[in-house]
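In what follows, a single structure is set out as structure tokens and then discussed.
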Amino acid sequence: MSSDLLAVTAQPGLARAKDVRALIAAIALVAVFSAAILTSYVTQTRLGLDDAYITYQYARNIAQGHGFVFNLTDRSSLGTSAPLYALLLALGGLLGIGIPQLSIGIGLVATTIALCLVVCIAWECDLLPAGVVVALVASVAQLYWHYWEGMETPFCLALTLASIWTAFRGWGALGFALAAVATVTRLDAAAVLVVVGLLLVLARHASWRTLAPGAALLISWLILATALFGSPVPTSGRAKMVHDSDISGRFSITSLALTYQALPITRLVAVDRYGNHPRRTMALVATLYLVSVASAALIRPRWLSMALGAWLVAYLTGYELLRVPNFPWYYGPPAVVIALLFWMGLQAGIALIARALGWPARLVAAVATSTLGLACVVVLVAWTPWLAEGTPTDKIQVVAGRWLRDHAAPGDNVVAFEIGAVAYVSGLRTIDLLGLTDPAARVHLRSNDFAWAIRDLPKYVFSIERGTGSWPVAKAIFDECAFALNYRPAVRLPFREDTDYVVYRRTLEEGPKRTRGTSGAEWLDISYPTSMRVGRTVAHSLVLRNASDSSWKARMPEVASVTYEWHEEAGRVGTTQALRTPLPCAVEPGQRVLVSAAVRAPDQPGTYTMTWRLVHDDG
């Protein structure tokens, strides 16, 4: 294919000035609409998801001259999955710009640019209304705030769409360079690098001049990353690939997180209508994919639609094979492309039906698509709960970081499994149980040893309550004897109705000692639920001392357990079967032990008092 032929087929709309004016008007509408909605959500509490703070921490340390380190005492490591983004934030830090605020600003601009590129791609396919609908729905659904806040996702998405579009337009060198920039931003963007490279090769535009700028950037980074970190693959990525699926699930092409971002209107349907009915979920997902694949295969110009389809297949296949966690921001880029292909396919299908009926196909399809899209926007604005949120509050991790900053001593350290905001806000050395920033953790993760760092007895541990849940990380923490015998709750941070976070402080271990009498348990740190829903289970950390003259056993048949009794105001014992939480380890006379005890609310509503008890299964 000659370059002249490519230029003609790649620019179907440039010959019509009216279409260009329509494109400009659509871009202006989307840009103003998206920017207005996004900026209306900017507050001092919306400064990023916890994972975004990991990149903030690296960016701050780079800006201060410490290099790619998470803690100042660490060796260089690529704990952030977005090295180029971290460097960009570090540059802002050098200029005196707040790093979280800068990331939020970049995210807003990048989201708006990505949505404008969606409009441009739809215009190239002569399906402009579909692109406008996708952009407006995505803006109203607040994909950025609810799934990508503070992350590099919108920046990488904008680079991905820009590289495909510019390569298609005939600007091969720019397209390949943008793909290389995206790959340095996130290694998984290698999918768009391959797709754009193949597009240029098939179009016979893959000259050394076209590929040289992007290749030089990519090769330079690969050499530098290998020299500094031993591998260009981020430490965080390698850690996630060895995580057990019980930690954060597994990325899945059938996940509702993908469906919710591709078609936000589906969020209005109660989740149990999908989650409890696998066939409905599969039917919805299959419809999304079938329409998207058909659109990629049939919509013209084929180069553009097939490039989008090929990138989508490469991205989803790569994530499935890598077995990465089920994080919502991983679904963001493919969800936007699926939405675009879906709505373009819908508009094209309506045009075919209108043409078969003898109606003006272009007009009917444009009006029908616009009307349906406008209806989705109106419904989302009127009924979507997140658009009626109250005043946003600081994230629990940020609150915990502030408490540690105000109460910890210089040189103290903290162990956690959500480390971003805790480390960034507190300034303390923070050890990641899940190994995102610490390569040494991988050997422990392979054997599911999630309490490995607690055995070194850090000053603080930040965790959710264990309760009755089976989440392996919390279970490992509370089953660890070194933790149970050496830590006490320092501050409780309410999170959800059934879950609290707690900062635990190490205190001097009290060894066995003689006690007076056999009075049983001395309750040191206790807390009670103030209100609960009927039948709901929560957990409370308690500390009790063995005030008897015999050991408390942690093994059958003499296992000791913490339980409780409910009493109604009239004095009658509550009807709920009380749960028992076994002690995590044997406790000698005079020793104290920490237990995260599960509590189930009574079966009937009412006013109750509660009493904690220690029981022994041997009677």
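Going through the structure tokens in order, the chains are called A, B, and so on, while each chain numbers its residues from 1 and the ligands are numbered from 1 in the order shown.
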Who sits within 6 Å of Ala335 (chain A), only C-alpha atoms, same chain under 5 positions skipped, as a list in words: Leu258, Gln261 and Ala262 of chain A
Which residues in region 354-507 of chain A does DSSP call strand (DSSP E)? List them as a compact mmCIF listing (two decimals) with all heavy atoms, in the first residue's frame.
# COMPACT_ATOMS: atom_id res chain seq x y z
N ASN A 413 8.90 2.42 62.95
CA ASN A 413 8.48 1.85 61.67
C ASN A 413 7.10 1.24 61.81
O ASN A 413 6.59 1.02 62.91
CB ASN A 413 9.49 0.82 61.16
CG ASN A 413 9.73 -0.30 62.15
OD1 ASN A 413 9.20 -0.28 63.25
ND2 ASN A 413 10.54 -1.27 61.76
N VAL A 414 6.46 0.99 60.66
CA VAL A 414 5.10 0.47 60.65
C VAL A 414 5.00 -0.60 59.57
O VAL A 414 5.59 -0.48 58.50
CB VAL A 414 4.07 1.61 60.40
CG1 VAL A 414 4.38 2.37 59.14
CG2 VAL A 414 2.64 1.06 60.36
N VAL A 415 4.27 -1.65 59.87
CA VAL A 415 3.99 -2.73 58.91
C VAL A 415 2.53 -2.63 58.52
O VAL A 415 1.65 -2.42 59.37
CB VAL A 415 4.30 -4.11 59.53
CG1 VAL A 415 3.62 -5.21 58.75
CG2 VAL A 415 5.80 -4.35 59.56
N ALA A 416 2.25 -2.78 57.23
CA ALA A 416 0.88 -2.69 56.74
C ALA A 416 0.76 -3.45 55.43
O ALA A 416 1.77 -3.83 54.82
CB ALA A 416 0.46 -1.22 56.55
N ARG A 429 9.16 4.84 58.15
CA ARG A 429 9.57 3.69 57.35
C ARG A 429 8.43 2.68 57.38
O ARG A 429 8.01 2.22 58.43
CB ARG A 429 10.85 3.06 57.89
CG ARG A 429 11.34 1.88 57.07
CD ARG A 429 12.73 1.44 57.51
NE ARG A 429 13.19 0.34 56.66
CZ ARG A 429 13.03 -0.95 56.94
NH1 ARG A 429 12.42 -1.30 58.07
NH2 ARG A 429 13.45 -1.88 56.11
N THR A 430 7.92 2.34 56.21
CA THR A 430 6.74 1.50 56.11
C THR A 430 7.07 0.23 55.34
O THR A 430 7.58 0.29 54.22
CB THR A 430 5.59 2.25 55.40
OG1 THR A 430 5.35 3.48 56.09
CG2 THR A 430 4.32 1.42 55.40
N ILE A 431 6.79 -0.91 55.96
CA ILE A 431 7.12 -2.21 55.38
C ILE A 431 5.85 -2.83 54.82
O ILE A 431 4.83 -2.93 55.52
CB ILE A 431 7.75 -3.13 56.45
CG1 ILE A 431 8.97 -2.44 57.06
CG2 ILE A 431 8.12 -4.48 55.85
CD1 ILE A 431 9.42 -3.05 58.37
N ASP A 432 5.93 -3.26 53.57
CA ASP A 432 4.76 -3.77 52.87
C ASP A 432 4.68 -5.29 53.00
O ASP A 432 5.51 -6.01 52.44
CB ASP A 432 4.84 -3.36 51.40
CG ASP A 432 3.65 -3.84 50.60
OD1 ASP A 432 2.64 -4.22 51.21
OD2 ASP A 432 3.73 -3.82 49.36
N TYR A 460 4.69 -0.33 64.99
CA TYR A 460 3.26 -0.23 64.72
C TYR A 460 2.85 -1.23 63.64
O TYR A 460 3.65 -1.56 62.75
CB TYR A 460 2.88 1.19 64.26
CG TYR A 460 3.07 2.24 65.32
CD1 TYR A 460 4.23 3.00 65.35
CD2 TYR A 460 2.08 2.48 66.27
CE1 TYR A 460 4.41 3.96 66.34
CE2 TYR A 460 2.26 3.46 67.25
CZ TYR A 460 3.42 4.19 67.27
OH TYR A 460 3.60 5.14 68.23
N VAL A 461 1.60 -1.67 63.72
CA VAL A 461 0.99 -2.51 62.68
C VAL A 461 -0.35 -1.88 62.35
O VAL A 461 -1.14 -1.55 63.25
CB VAL A 461 0.80 -3.96 63.15
CG1 VAL A 461 0.04 -4.77 62.09
CG2 VAL A 461 2.15 -4.62 63.44
N PHE A 462 -0.62 -1.71 61.06
CA PHE A 462 -1.88 -1.11 60.60
C PHE A 462 -2.64 -2.18 59.84
O PHE A 462 -2.16 -2.72 58.85
CB PHE A 462 -1.59 0.10 59.71
CG PHE A 462 -2.82 0.71 59.08
CD1 PHE A 462 -3.85 1.21 59.87
CD2 PHE A 462 -2.94 0.79 57.70
CE1 PHE A 462 -4.97 1.77 59.30
CE2 PHE A 462 -4.06 1.36 57.12
CZ PHE A 462 -5.08 1.85 57.91
N SER A 463 -3.86 -2.50 60.33
CA SER A 463 -4.61 -3.61 59.73
C SER A 463 -6.10 -3.44 59.97
O SER A 463 -6.52 -2.70 60.87
CB SER A 463 -4.14 -4.94 60.33
OG SER A 463 -4.95 -6.02 59.91
N ILE A 464 -6.89 -4.15 59.17
CA ILE A 464 -8.30 -4.29 59.48
C ILE A 464 -8.45 -5.33 60.58
O ILE A 464 -7.53 -6.09 60.87
CB ILE A 464 -9.12 -4.72 58.25
CG1 ILE A 464 -8.62 -6.07 57.70
CG2 ILE A 464 -9.13 -3.65 57.19
CD1 ILE A 464 -9.50 -6.65 56.63
N TYR A 487 1.32 -6.75 71.07
CA TYR A 487 0.68 -5.54 70.54
C TYR A 487 -0.65 -5.28 71.23
O TYR A 487 -1.36 -6.21 71.65
CB TYR A 487 0.47 -5.67 69.03
CG TYR A 487 1.77 -5.58 68.26
CD1 TYR A 487 2.56 -6.71 68.08
CD2 TYR A 487 2.23 -4.37 67.76
CE1 TYR A 487 3.77 -6.64 67.41
CE2 TYR A 487 3.43 -4.29 67.09
CZ TYR A 487 4.20 -5.42 66.92
OH TYR A 487 5.40 -5.34 66.25
N ARG A 488 -0.97 -3.97 71.32
CA ARG A 488 -2.24 -3.52 71.86
C ARG A 488 -2.82 -2.47 70.92
O ARG A 488 -2.09 -1.74 70.25
CB ARG A 488 -2.06 -2.94 73.26
CG ARG A 488 -1.49 -3.92 74.26
CD ARG A 488 -1.27 -3.32 75.63
NE ARG A 488 -2.53 -3.04 76.33
CZ ARG A 488 -2.60 -2.79 77.63
NH1 ARG A 488 -1.49 -2.78 78.37
NH2 ARG A 488 -3.75 -2.55 78.21
N PRO A 489 -4.15 -2.36 70.85
CA PRO A 489 -4.76 -1.34 69.98
C PRO A 489 -4.40 0.06 70.45
O PRO A 489 -4.47 0.36 71.64
CB PRO A 489 -6.26 -1.60 70.14
CG PRO A 489 -6.37 -2.99 70.68
CD PRO A 489 -5.15 -3.20 71.51
N ALA A 490 -3.99 0.89 69.49
CA ALA A 490 -3.66 2.28 69.82
C ALA A 490 -4.78 3.22 69.42
O ALA A 490 -5.12 4.15 70.16
CB ALA A 490 -2.36 2.69 69.12
N VAL A 491 -5.38 3.00 68.26
CA VAL A 491 -6.50 3.83 67.82
C VAL A 491 -7.35 3.02 66.85
O VAL A 491 -6.83 2.30 66.01
CB VAL A 491 -6.00 5.14 67.16
CG1 VAL A 491 -5.14 4.86 65.93
CG2 VAL A 491 -7.17 6.04 66.78
N ARG A 492 -8.65 3.11 67.03
CA ARG A 492 -9.60 2.42 66.16
C ARG A 492 -10.17 3.42 65.16
O ARG A 492 -10.58 4.53 65.55
CB ARG A 492 -10.73 1.79 67.00
CG ARG A 492 -11.83 1.13 66.19
CD ARG A 492 -12.88 0.53 67.11
NE ARG A 492 -12.32 -0.57 67.87
CZ ARG A 492 -12.27 -1.83 67.43
NH1 ARG A 492 -12.75 -2.13 66.24
NH2 ARG A 492 -11.74 -2.77 68.17
N LEU A 493 -10.21 3.03 63.88
CA LEU A 493 -10.67 3.92 62.82
C LEU A 493 -11.86 3.27 62.10
O LEU A 493 -11.69 2.35 61.30
CB LEU A 493 -9.53 4.18 61.82
CG LEU A 493 -8.24 4.75 62.43
CD1 LEU A 493 -7.12 4.76 61.40
CD2 LEU A 493 -8.48 6.15 62.97
N PRO A 494 -13.08 3.72 62.40
CA PRO A 494 -14.25 3.13 61.75
C PRO A 494 -14.17 3.28 60.23
O PRO A 494 -13.82 4.35 59.72
CB PRO A 494 -15.42 3.94 62.32
CG PRO A 494 -14.90 4.49 63.61
CD PRO A 494 -13.45 4.75 63.37
N PHE A 495 -14.49 2.19 59.54
CA PHE A 495 -14.39 2.18 58.08
C PHE A 495 -15.75 1.91 57.45
O PHE A 495 -16.34 2.78 56.83
CB PHE A 495 -13.37 1.13 57.65
CG PHE A 495 -13.22 0.97 56.15
CD1 PHE A 495 -13.02 2.07 55.34
CD2 PHE A 495 -13.29 -0.29 55.56
CE1 PHE A 495 -12.89 1.93 53.97
CE2 PHE A 495 -13.15 -0.44 54.20
CZ PHE A 495 -12.95 0.67 53.40
N ARG A 496 -16.23 0.69 57.60
CA ARG A 496 -17.55 0.34 57.13
C ARG A 496 -18.38 -0.14 58.31
O ARG A 496 -17.89 -0.29 59.41
CB ARG A 496 -17.48 -0.76 56.06
CG ARG A 496 -16.94 -0.31 54.73
CD ARG A 496 -17.25 -1.33 53.64
NE ARG A 496 -16.65 -2.62 53.92
CZ ARG A 496 -15.57 -3.09 53.30
NH1 ARG A 496 -14.96 -2.36 52.39
NH2 ARG A 496 -15.10 -4.28 53.60
N THR A 499 -16.67 -3.28 59.44
CA THR A 499 -15.21 -3.36 59.40
C THR A 499 -14.59 -2.10 59.97
O THR A 499 -14.97 -0.98 59.59
CB THR A 499 -14.70 -3.56 57.96
OG1 THR A 499 -15.34 -4.69 57.38
CG2 THR A 499 -13.19 -3.77 57.96
N ASP A 500 -13.63 -2.27 60.86
CA ASP A 500 -12.83 -1.16 61.37
C ASP A 500 -11.37 -1.42 61.03
O ASP A 500 -10.92 -2.56 60.94
CB ASP A 500 -12.95 -1.04 62.89
CG ASP A 500 -14.28 -0.45 63.31
OD1 ASP A 500 -15.01 0.07 62.45
OD2 ASP A 500 -14.61 -0.54 64.51
N TYR A 501 -10.64 -0.34 60.85
CA TYR A 501 -9.17 -0.41 60.81
C TYR A 501 -8.66 -0.06 62.20
O TYR A 501 -9.29 0.70 62.95
CB TYR A 501 -8.60 0.58 59.80
CG TYR A 501 -8.60 0.10 58.37
CD1 TYR A 501 -9.74 0.21 57.58
CD2 TYR A 501 -7.46 -0.46 57.81
CE1 TYR A 501 -9.74 -0.23 56.27
CE2 TYR A 501 -7.44 -0.90 56.50
CZ TYR A 501 -8.59 -0.78 55.73
OH TYR A 501 -8.59 -1.23 54.44
N VAL A 502 -7.51 -0.61 62.55
CA VAL A 502 -6.90 -0.34 63.84
C VAL A 502 -5.40 -0.16 63.66
O VAL A 502 -4.77 -0.89 62.89
CB VAL A 502 -7.16 -1.50 64.84
CG1 VAL A 502 -6.56 -1.16 66.21
CG2 VAL A 502 -8.66 -1.78 64.98
N VAL A 503 -4.85 0.83 64.35
CA VAL A 503 -3.40 0.96 64.47
C VAL A 503 -3.00 0.29 65.77
O VAL A 503 -3.50 0.66 66.84
CB VAL A 503 -2.95 2.43 64.46
CG1 VAL A 503 -1.44 2.52 64.68
CG2 VAL A 503 -3.34 3.11 63.15
N TYR A 504 -2.14 -0.71 65.69
CA TYR A 504 -1.67 -1.44 66.86
C TYR A 504 -0.25 -0.99 67.21
O TYR A 504 0.58 -0.81 66.32
CB TYR A 504 -1.67 -2.94 66.61
CG TYR A 504 -3.05 -3.49 66.28
CD1 TYR A 504 -3.50 -3.58 64.96
CD2 TYR A 504 -3.91 -3.91 67.29
CE1 TYR A 504 -4.75 -4.08 64.66
CE2 TYR A 504 -5.17 -4.41 67.01
CZ TYR A 504 -5.59 -4.49 65.69
OH TYR A 504 -6.85 -4.97 65.39
N ARG A 505 0.01 -0.83 68.50
CA ARG A 505 1.33 -0.39 68.97
C ARG A 505 2.01 -1.53 69.75
O ARG A 505 1.36 -2.21 70.55
CB ARG A 505 1.20 0.83 69.87
CG ARG A 505 2.53 1.36 70.38
CD ARG A 505 2.37 2.37 71.50
NE ARG A 505 1.89 3.67 71.04
CZ ARG A 505 0.72 4.20 71.38
NH1 ARG A 505 -0.11 3.53 72.17
NH2 ARG A 505 0.35 5.38 70.95
N ARG A 506 3.28 -1.70 69.47
CA ARG A 506 4.03 -2.70 70.23
C ARG A 506 4.31 -2.18 71.63
O ARG A 506 4.72 -1.05 71.82
CB ARG A 506 5.36 -3.01 69.53
CG ARG A 506 6.11 -4.19 70.17
CD ARG A 506 7.50 -4.31 69.59
NE ARG A 506 8.39 -3.31 70.17
CZ ARG A 506 9.19 -2.52 69.47
NH1 ARG A 506 9.23 -2.62 68.16
NH2 ARG A 506 9.95 -1.64 70.08
Picked from region 381-467 of chain A by DSSP as helix (DSSP H, G or I), as a ChimeraX atom specification: /A:381-383,385-388,396-407,420-426,439-446,452-456
Considering only C-alpha atoms, give me a table of residues in region 51-162 of chain A that are at most 12 Å from region 391-412 of chain A, with the closest atom pair and distance in Å for each, as a Markdown table.
| residue | atom | partner | partner_atom | distance |
| --- | --- | --- | --- | --- |
| A:Asp51 | CA | A:Gln397 | CA | 10.6 |
| A:Ala52 | CA | A:Gln397 | CA | 11.9 |
| A:Tyr53 | CA | A:Val398 | CA | 9.7 |
| A:Asn71 | CA | A:Gly411 | CA | 11.6 |
| A:Leu72 | CA | A:Gly411 | CA | 11.3 |
| A:Thr73 | CA | A:Gly411 | CA | 10.8 |
| A:Trp145 | CA | A:Pro392 | CA | 11.7 |
Based on the selection just made, write N, CA and C atoms of those residues as a PDB file, in the first residue's frame.
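The resulting file, part_20.pdb, is shown below:
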ATOM      1  N   ASP A  51      -3.209   3.080  46.370  1.00  0.00           N
ATOM      2  CA  ASP A  51      -2.124   2.658  45.483  1.00  0.00           C
ATOM      3  C   ASP A  51      -1.470   3.851  44.780  1.00  0.00           C
ATOM      4  N   ALA A  52      -2.247   4.912  44.540  1.00  0.00           N
ATOM      5  CA  ALA A  52      -1.658   6.101  43.926  1.00  0.00           C
ATOM      6  C   ALA A  52      -0.593   6.712  44.833  1.00  0.00           C
ATOM      7  N   TYR A  53      -0.780   6.606  46.139  1.00  0.00           N
ATOM      8  CA  TYR A  53       0.189   7.176  47.085  1.00  0.00           C
ATOM      9  C   TYR A  53       1.537   6.454  47.042  1.00  0.00           C
ATOM     10  N   ASN A  71      11.254   3.707  50.960  1.00  0.00           N
ATOM     11  CA  ASN A  71      11.759   4.233  52.237  1.00  0.00           C
ATOM     12  C   ASN A  71      13.184   4.720  52.025  1.00  0.00           C
ATOM     13  N   LEU A  72      13.566   5.742  52.759  1.00  0.00           N
ATOM     14  CA  LEU A  72      14.887   6.333  52.534  1.00  0.00           C
ATOM     15  C   LEU A  72      16.014   5.353  52.811  1.00  0.00           C
ATOM     16  N   THR A  73      15.747   4.360  53.654  1.00  0.00           N
ATOM     17  CA  THR A  73      16.788   3.382  53.983  1.00  0.00           C
ATOM     18  C   THR A  73      16.799   2.187  53.035  1.00  0.00           C
ATOM     19  N   TRP A 145     -13.076   9.419  39.092  1.00  0.00           N
ATOM     20  CA  TRP A 145     -13.102   9.541  40.553  1.00  0.00           C
ATOM     21  C   TRP A 145     -13.357   8.208  41.241  1.00  0.00           C
TER      22      TRP A 145
END
Between CA of Ser292 (chain A) and CA of Ile338 (chain A) - distance in Å to one decimal: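 Value for the CA of Ile338 (chain A)-CA of Ser292 (chain A) distance: 6.0 Å.
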Closest pair table for region 106-225 of chain A residues within 10 Å of region 350-365 of chain A, only C-alpha atoms, as JSON lines:
{"residue": "A:Asp126", "atom": "CA", "partner": "A:Arg362", "partner_atom": "CA", "distance": 9.4}
{"residue": "A:Leu127", "atom": "CA", "partner": "A:Arg362", "partner_atom": "CA", "distance": 9.0}
{"residue": "A:Pro129", "atom": "CA", "partner": "A:Ala365", "partner_atom": "CA", "distance": 8.8}
{"residue": "A:Ala130", "atom": "CA", "partner": "A:Ala365", "partner_atom": "CA", "distance": 9.6}
Take the residues from that selection and put them in a file with C-alpha atoms, as an mmCIF file, in the first residue's frame.
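Listing of again_5.cif after writing:
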data_model
loop_
_atom_site.group_PDB
_atom_site.id
_atom_site.type_symbol
_atom_site.label_atom_id
_atom_site.label_comp_id
_atom_site.auth_asym_id
_atom_site.auth_seq_id
_atom_site.Cartn_x
_atom_site.Cartn_y
_atom_site.Cartn_z
ATOM 1 C CA ASP A 126 -18.210 8.371 10.391
ATOM 2 C CA LEU A 127 -20.012 7.503 13.641
ATOM 3 C CA PRO A 129 -22.691 10.518 17.742
ATOM 4 C CA ALA A 130 -21.465 7.225 19.212
#
Closest of A:Gly48, A:Gly427, A:Gly67, A:Gly435 to Glu152 (chain A) - atom-to-atom distances counting only C-alpha atoms: A:Gly48
7 Å contact set for region 231-236 of chain A, only C-alpha atoms, chain neighbours under 3 positions out, as JSON, numbers by chain: {"A": [77, 78, 79, 80, 81, 222, 225, 226, 239, 240, 435, 436, 437, 439]}
Next, the residues of the selection above should be written as an mmCIF file, in the first residue's frame with C-alpha atoms.
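Once everything was written out, this is out.cif:
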data_model
loop_
_atom_site.group_PDB
_atom_site.id
_atom_site.type_symbol
_atom_site.label_atom_id
_atom_site.label_comp_id
_atom_site.auth_asym_id
_atom_site.auth_seq_id
_atom_site.Cartn_x
_atom_site.Cartn_y
_atom_site.Cartn_z
ATOM 1 C CA SER A 77 13.544 -0.637 43.600
ATOM 2 C CA LEU A 78 10.858 -0.212 40.998
ATOM 3 C CA GLY A 79 7.975 -0.509 43.422
ATOM 4 C CA THR A 80 5.765 1.777 41.343
ATOM 5 C CA SER A 81 4.277 0.310 38.177
ATOM 6 C CA LEU A 222 15.176 -0.899 29.357
ATOM 7 C CA ALA A 225 15.944 -0.086 34.460
ATOM 8 C CA THR A 226 18.014 -3.252 34.153
ATOM 9 C CA ALA A 239 4.727 -9.418 43.676
ATOM 10 C CA LYS A 240 1.148 -9.311 42.389
ATOM 11 C CA GLY A 435 5.813 -6.979 48.792
ATOM 12 C CA LEU A 436 4.819 -4.304 46.277
ATOM 13 C CA THR A 437 7.822 -2.200 47.249
ATOM 14 C CA PRO A 439 11.605 -7.518 46.592
#
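The closest residue to Ala560 (chain A), picked from A:Leu211, A:Cys481, A:Val615, A:Leu445 and counting only C-alpha atoms, is A:Val615.
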Near-Val192 (chain A) list (10 Å; only C-alpha atoms; drop same-chain fewer than 5 positions) as a PyMOL selection string: chain A and resi 159-161+163-164+175-176+178-180+182-183+197-198+307-308+310-312+314-315
Residue nearest Val195 (chain A) - candidates A:Leu47, A:Met306, A:Ile299, A:Val378, atoms counted: only C-alpha atoms: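 Among the listed residues, A:Met306 lies closest to Val195 (chain A).
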Polymer residues at most 12 Å from Asp498 (chain A), only C-alpha atoms, same-chain spacing of 3 or more positions, as a list in words: Ile464, Glu465, Arg466, Gly467, Thr468, Gly469, Pro494, Phe495, Tyr501, Pro529, Ser531, Met532, Arg533, Val534, Gly535, Arg536, Thr537, Val538, Ala539, His540, Ala598, Val599, Arg600 and Ala601 of chain A
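With only C-alpha atoms as the basis for measurement, A:Cys125 is the residue among A:Arg75, A:Glu522, A:Cys125, A:Leu88 that approaches Leu23 (chain A) most closely.
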Selection near Pro264 (chain A), 9 Å with only C-alpha atoms, sequence-local residues under 4 positions removed, as a count of residues only: 9
